[in-house]
$ cat structure-v1.pdb   # PDB, C-alpha atoms, pLDDT in the B column
ATOM      1  CA  MET A  27       0.000   0.000   0.000  1.00 94.00           C
ATOM      2  CA  ILE A  28       2.871   2.348   0.768  1.00 95.00           C
ATOM      3  CA  GLU A  29       4.459   1.699  -2.621  1.00 96.00           C
ATOM      4  CA  ILE A  30       1.128   2.202  -4.411  1.00 96.00           C
ATOM      5  CA  CYS A  31       0.680   5.599  -2.722  1.00 96.00           C
ATOM      6  CA  LYS A  32       4.208   6.567  -3.778  1.00 96.00           C
ATOM      7  CA  LEU A  33       3.135   6.181  -7.422  1.00 94.00           C
ATOM      8  CA  VAL A  34       1.019   9.340  -7.045  1.00 95.00           C
ATOM      9  CA  ASN A  35       3.609  11.161  -4.896  1.00 96.00           C
ATOM     10  CA  PHE A  36       1.598  10.667  -1.701  1.00 95.00           C
ATOM     11  CA  THR A  37       3.463   9.689   1.450  1.00 95.00           C
ATOM     12  CA  VAL A  38       1.784   7.450   4.001  1.00 94.00           C
ATOM     13  CA  THR A  39       3.641   5.740   6.833  1.00 94.00           C
ATOM     14  CA  LYS A  40       3.370   2.207   8.105  1.00 95.00           C
ATOM     15  CA  SER A  41       2.077   3.499  11.452  1.00 94.00           C
ATOM     16  CA  GLU A  42      -0.669   5.546   9.756  1.00 94.00           C
ATOM     17  CA  LEU A  43      -1.833   2.425   7.921  1.00 94.00           C
ATOM     18  CA  GLY A  44      -1.700   0.480  11.177  1.00 94.00           C
ATOM     19  CA  ASP A  45      -3.977   3.041  12.825  1.00 94.00           C
ATOM     20  CA  ILE A  46      -6.497   2.722   9.990  1.00 95.00           C
ATOM     21  CA  PHE A  47      -6.671  -1.080  10.216  1.00 94.00           C
ATOM     22  CA  ARG A  48      -7.041  -1.262  14.013  1.00 95.00           C
ATOM     23  CA  ASN A  49     -10.222  -2.293  15.757  1.00 94.00           C
ATOM     24  CA  ASP A  50     -12.526   0.737  15.973  1.00 92.00           C
ATOM     25  CA  GLU A  51     -12.547   0.457  19.781  1.00 95.00           C
ATOM     26  CA  HIS A  52      -8.749   0.753  20.019  1.00 94.00           C
ATOM     27  CA  PRO A  53      -7.528   4.121  21.372  1.00 94.00           C
ATOM     28  CA  ASN A  54      -5.217   4.674  18.368  1.00 92.00           C
ATOM     29  CA  PHE A  55      -7.863   3.862  15.759  1.00 95.00           C
ATOM     30  CA  LYS A  56      -8.140   6.403  12.957  1.00 94.00           C
ATOM     31  CA  LYS A  57     -10.780   6.543  10.237  1.00 94.00           C
ATOM     32  CA  CYS A  58      -9.499   6.346   6.685  1.00 93.00           C
ATOM     33  CA  GLY A  59      -9.866   9.857   5.344  1.00 92.00           C
ATOM     34  CA  ASP A  60     -10.870  10.855   1.839  1.00 96.00           C
ATOM     35  CA  GLN A  61      -7.352  11.981   0.938  1.00 95.00           C
ATOM     36  CA  ILE A  62      -5.723   8.643   1.795  1.00 94.00           C
ATOM     37  CA  LEU A  63      -8.403   6.639   0.015  1.00 95.00           C
ATOM     38  CA  ARG A  64      -8.389   8.870  -3.077  1.00 96.00           C
ATOM     39  CA  ASN A  65      -4.615   8.730  -3.446  1.00 96.00           C
ATOM     40  CA  PHE A  66      -4.503   4.981  -2.849  1.00 96.00           C
ATOM     41  CA  LEU A  67      -7.149   4.351  -5.525  1.00 96.00           C
ATOM     42  CA  ASN A  68      -5.381   6.623  -8.020  1.00 95.00           C
ATOM     43  CA  GLY A  69      -2.114   4.804  -7.314  1.00 95.00           C
ATOM     44  CA  LEU A  70      -3.849   1.447  -7.704  1.00 96.00           C
ATOM     45  CA  VAL A  71      -5.026   2.436 -11.184  1.00 95.00           C
ATOM     46  CA  ILE A  72      -1.438   3.282 -12.151  1.00 94.00           C
ATOM     47  CA  TYR A  73      -0.176   0.067 -10.554  1.00 95.00           C
ATOM     48  CA  LYS A  74      -2.631  -2.113 -12.478  1.00 95.00           C
ATOM     49  CA  ARG A  75      -2.868  -0.247 -15.822  1.00 92.00           C
ATOM     50  CA  GLY A  76       0.453   1.526 -15.980  1.00 88.00           C
ATOM     51  CA  PRO A  77       1.070   5.252 -16.344  1.00 83.00           C
ATOM     52  CA  ARG A  78      -1.255   7.300 -18.519  1.00 80.00           C
ATOM     53  CA  GLU A  79      -0.071   7.715 -22.091  1.00 81.00           C
ATOM     54  CA  GLU A  80       0.523  11.208 -23.419  1.00 78.00           C
ATOM     55  CA  LYS A  81      -2.118  12.393 -25.915  1.00 76.00           C
ATOM     56  CA  LYS A  82      -0.760  13.512 -29.289  1.00 70.00           C
TER      57      LYS A  82
END

$ encode --input "structure-v1.pdb" --output "structure tokens"
Amino acid sequence: MIEICKLVNFTVTKSELGDIFRNDEHPNFKKCGDQILRNFLNGLVIYKRGPREEKK
């Protein structure tokens, strides 16, 4: 997930991801925000399809 976010120049740490995937009753739980989700999905598209080709 960290590498996929790097594809869109978005930095997320291992501890931030750990906080997102914790049980929602844990004191360090953090909801996944729109920015993290948006950048991860954009990076996933690049990871699966490759970089966007330049239009001529």

$ atom_distance --input "structure-v1.pdb" --atom1 "CA of Val38 in chain A" --atom2 "CA of Ile72 in chain A"
17.0 Å

$ residues_around --input "structure-v1.pdb" --residues "range 41-45 of chain A" --least-positions-apart "4" --cutoff "10 Å" --atoms "only C-alpha atoms" --output "PyMOL selection string"
chain A and resi 27-28+49-50+52-58+62

$ residues_near_point --input "structure-v1.pdb" --point "(0.6, 11.8, -0.7)" --cutoff "12 Å" --atoms "all atoms listed in the file" --output "VMD selection string"
chain A and resid 27 to 39 60 to 69

$ axis_aligned_box --input "structure-v1.pdb" --around "range 64-75 of chain A" --padding-each-side "6 Å" --output "AutoDock Vina command-line options"
--center_x -4.3 --center_y 3.4 --center_z -9.3 --size_x 20.2 --size_y 23.0 --size_z 25.0

$ decode --input "structure-v1.pdb" --residues "range 42-65 of chain A" --atoms "N, CA, C and O atoms" --output "PDB file, in the first residue's frame"
ATOM      1  N   GLU A  42       0.628   4.989  10.150  1.00  0.00           N
ATOM      2  CA  GLU A  42      -0.669   5.546   9.756  1.00  0.00           C
ATOM      3  C   GLU A  42      -1.584   4.447   9.224  1.00  0.00           C
ATOM      4  O   GLU A  42      -2.776   4.416   9.543  1.00  0.00           O
ATOM      5  N   LEU A  43      -1.030   3.540   8.426  1.00  0.00           N
ATOM      6  CA  LEU A  43      -1.833   2.425   7.921  1.00  0.00           C
ATOM      7  C   LEU A  43      -2.259   1.506   9.060  1.00  0.00           C
ATOM      8  O   LEU A  43      -3.373   0.998   9.073  1.00  0.00           O
ATOM      9  N   GLY A  44      -1.363   1.306  10.020  1.00  0.00           N
ATOM     10  CA  GLY A  44      -1.700   0.480  11.177  1.00  0.00           C
ATOM     11  C   GLY A  44      -2.864   1.060  11.967  1.00  0.00           C
ATOM     12  O   GLY A  44      -3.739   0.330  12.434  1.00  0.00           O
ATOM     13  N   ASP A  45      -2.883   2.378  12.106  1.00  0.00           N
ATOM     14  CA  ASP A  45      -3.977   3.041  12.825  1.00  0.00           C
ATOM     15  C   ASP A  45      -5.307   2.870  12.099  1.00  0.00           C
ATOM     16  O   ASP A  45      -6.355   2.731  12.724  1.00  0.00           O
ATOM     17  N   ILE A  46      -5.276   2.866  10.776  1.00  0.00           N
ATOM     18  CA  ILE A  46      -6.497   2.722   9.990  1.00  0.00           C
ATOM     19  C   ILE A  46      -7.077   1.317  10.125  1.00  0.00           C
ATOM     20  O   ILE A  46      -8.289   1.139  10.187  1.00  0.00           O
ATOM     21  N   PHE A  47      -6.209   0.308  10.191  1.00  0.00           N
ATOM     22  CA  PHE A  47      -6.671  -1.080  10.216  1.00  0.00           C
ATOM     23  C   PHE A  47      -6.873  -1.640  11.622  1.00  0.00           C
ATOM     24  O   PHE A  47      -7.127  -2.826  11.785  1.00  0.00           O
ATOM     25  N   ARG A  48      -6.782  -0.802  12.636  1.00  0.00           N
ATOM     26  CA  ARG A  48      -7.041  -1.262  14.013  1.00  0.00           C
ATOM     27  C   ARG A  48      -8.543  -1.451  14.244  1.00  0.00           C
ATOM     28  O   ARG A  48      -9.368  -0.936  13.511  1.00  0.00           O
ATOM     29  N   ASN A  49      -8.839  -2.149  15.314  1.00  0.00           N
ATOM     30  CA  ASN A  49     -10.222  -2.293  15.757  1.00  0.00           C
ATOM     31  C   ASN A  49     -10.750  -0.903  16.103  1.00  0.00           C
ATOM     32  O   ASN A  49     -10.043  -0.089  16.691  1.00  0.00           O
ATOM     33  N   ASP A  50     -11.990  -0.618  15.747  1.00  0.00           N
ATOM     34  CA  ASP A  50     -12.526   0.737  15.973  1.00  0.00           C
ATOM     35  C   ASP A  50     -12.661   1.107  17.443  1.00  0.00           C
ATOM     36  O   ASP A  50     -12.883   2.268  17.770  1.00  0.00           O
ATOM     37  N   GLU A  51     -12.498   0.158  18.349  1.00  0.00           N
ATOM     38  CA  GLU A  51     -12.547   0.457  19.781  1.00  0.00           C
ATOM     39  C   GLU A  51     -11.156   0.726  20.358  1.00  0.00           C
ATOM     40  O   GLU A  51     -11.034   1.122  21.508  1.00  0.00           O
ATOM     41  N   HIS A  52     -10.122   0.520  19.565  1.00  0.00           N
ATOM     42  CA  HIS A  52      -8.749   0.753  20.019  1.00  0.00           C
ATOM     43  C   HIS A  52      -8.500   2.255  20.155  1.00  0.00           C
ATOM     44  O   HIS A  52      -8.997   3.039  19.350  1.00  0.00           O
ATOM     45  N   PRO A  53      -7.747   2.676  21.175  1.00  0.00           N
ATOM     46  CA  PRO A  53      -7.528   4.121  21.372  1.00  0.00           C
ATOM     47  C   PRO A  53      -6.778   4.804  20.228  1.00  0.00           C
ATOM     48  O   PRO A  53      -6.942   6.007  20.011  1.00  0.00           O
ATOM     49  N   ASN A  54      -5.969   4.076  19.476  1.00  0.00           N
ATOM     50  CA  ASN A  54      -5.217   4.674  18.368  1.00  0.00           C
ATOM     51  C   ASN A  54      -5.894   4.499  17.016  1.00  0.00           C
ATOM     52  O   ASN A  54      -5.293   4.788  15.988  1.00  0.00           O
ATOM     53  N   PHE A  55      -7.128   4.040  17.012  1.00  0.00           N
ATOM     54  CA  PHE A  55      -7.863   3.862  15.759  1.00  0.00           C
ATOM     55  C   PHE A  55      -8.055   5.209  15.071  1.00  0.00           C
ATOM     56  O   PHE A  55      -8.296   6.232  15.697  1.00  0.00           O
ATOM     57  N   LYS A  56      -7.927   5.190  13.747  1.00  0.00           N
ATOM     58  CA  LYS A  56      -8.140   6.403  12.957  1.00  0.00           C
ATOM     59  C   LYS A  56      -8.950   6.025  11.731  1.00  0.00           C
ATOM     60  O   LYS A  56      -8.646   5.037  11.064  1.00  0.00           O
ATOM     61  N   LYS A  57      -9.990   6.803  11.432  1.00  0.00           N
ATOM     62  CA  LYS A  57     -10.780   6.543  10.237  1.00  0.00           C
ATOM     63  C   LYS A  57      -9.942   6.856   9.005  1.00  0.00           C
ATOM     64  O   LYS A  57      -9.120   7.772   9.020  1.00  0.00           O
ATOM     65  N   CYS A  58     -10.190   6.099   7.952  1.00  0.00           N
ATOM     66  CA  CYS A  58      -9.499   6.346   6.685  1.00  0.00           C
ATOM     67  C   CYS A  58     -10.132   7.581   6.048  1.00  0.00           C
ATOM     68  O   CYS A  58     -11.303   7.580   5.695  1.00  0.00           O
ATOM     69  N   GLY A  59      -9.355   8.616   5.914  1.00  0.00           N
ATOM     70  CA  GLY A  59      -9.866   9.857   5.344  1.00  0.00           C
ATOM     71  C   GLY A  59      -9.983   9.798   3.829  1.00  0.00           C
ATOM     72  O   GLY A  59      -9.454   8.897   3.172  1.00  0.00           O
ATOM     73  N   ASP A  60     -10.669  10.774   3.284  1.00  0.00           N
ATOM     74  CA  ASP A  60     -10.870  10.855   1.839  1.00  0.00           C
ATOM     75  C   ASP A  60      -9.556  10.979   1.086  1.00  0.00           C
ATOM     76  O   ASP A  60      -9.378  10.385   0.023  1.00  0.00           O
ATOM     77  N   GLN A  61      -8.619  11.742   1.622  1.00  0.00           N
ATOM     78  CA  GLN A  61      -7.352  11.981   0.938  1.00  0.00           C
ATOM     79  C   GLN A  61      -6.549  10.688   0.798  1.00  0.00           C
ATOM     80  O   GLN A  61      -6.017  10.398  -0.281  1.00  0.00           O
ATOM     81  N   ILE A  62      -6.467   9.906   1.852  1.00  0.00           N
ATOM     82  CA  ILE A  62      -5.723   8.643   1.795  1.00  0.00           C
ATOM     83  C   ILE A  62      -6.389   7.685   0.820  1.00  0.00           C
ATOM     84  O   ILE A  62      -5.719   7.086  -0.027  1.00  0.00           O
ATOM     85  N   LEU A  63      -7.680   7.547   0.895  1.00  0.00           N
ATOM     86  CA  LEU A  63      -8.403   6.639   0.015  1.00  0.00           C
ATOM     87  C   LEU A  63      -8.294   7.072  -1.444  1.00  0.00           C
ATOM     88  O   LEU A  63      -8.011   6.255  -2.327  1.00  0.00           O
ATOM     89  N   ARG A  64      -8.469   8.350  -1.711  1.00  0.00           N
ATOM     90  CA  ARG A  64      -8.389   8.870  -3.077  1.00  0.00           C
ATOM     91  C   ARG A  64      -7.011   8.620  -3.682  1.00  0.00           C
ATOM     92  O   ARG A  64      -6.889   8.121  -4.805  1.00  0.00           O
ATOM     93  N   ASN A  65      -5.962   8.920  -2.928  1.00  0.00           N
ATOM     94  CA  ASN A  65      -4.615   8.730  -3.446  1.00  0.00           C
ATOM     95  C   ASN A  65      -4.273   7.258  -3.605  1.00  0.00           C
ATOM     96  O   ASN A  65      -3.599   6.877  -4.568  1.00  0.00           O
TER      97      ASN A  65
END
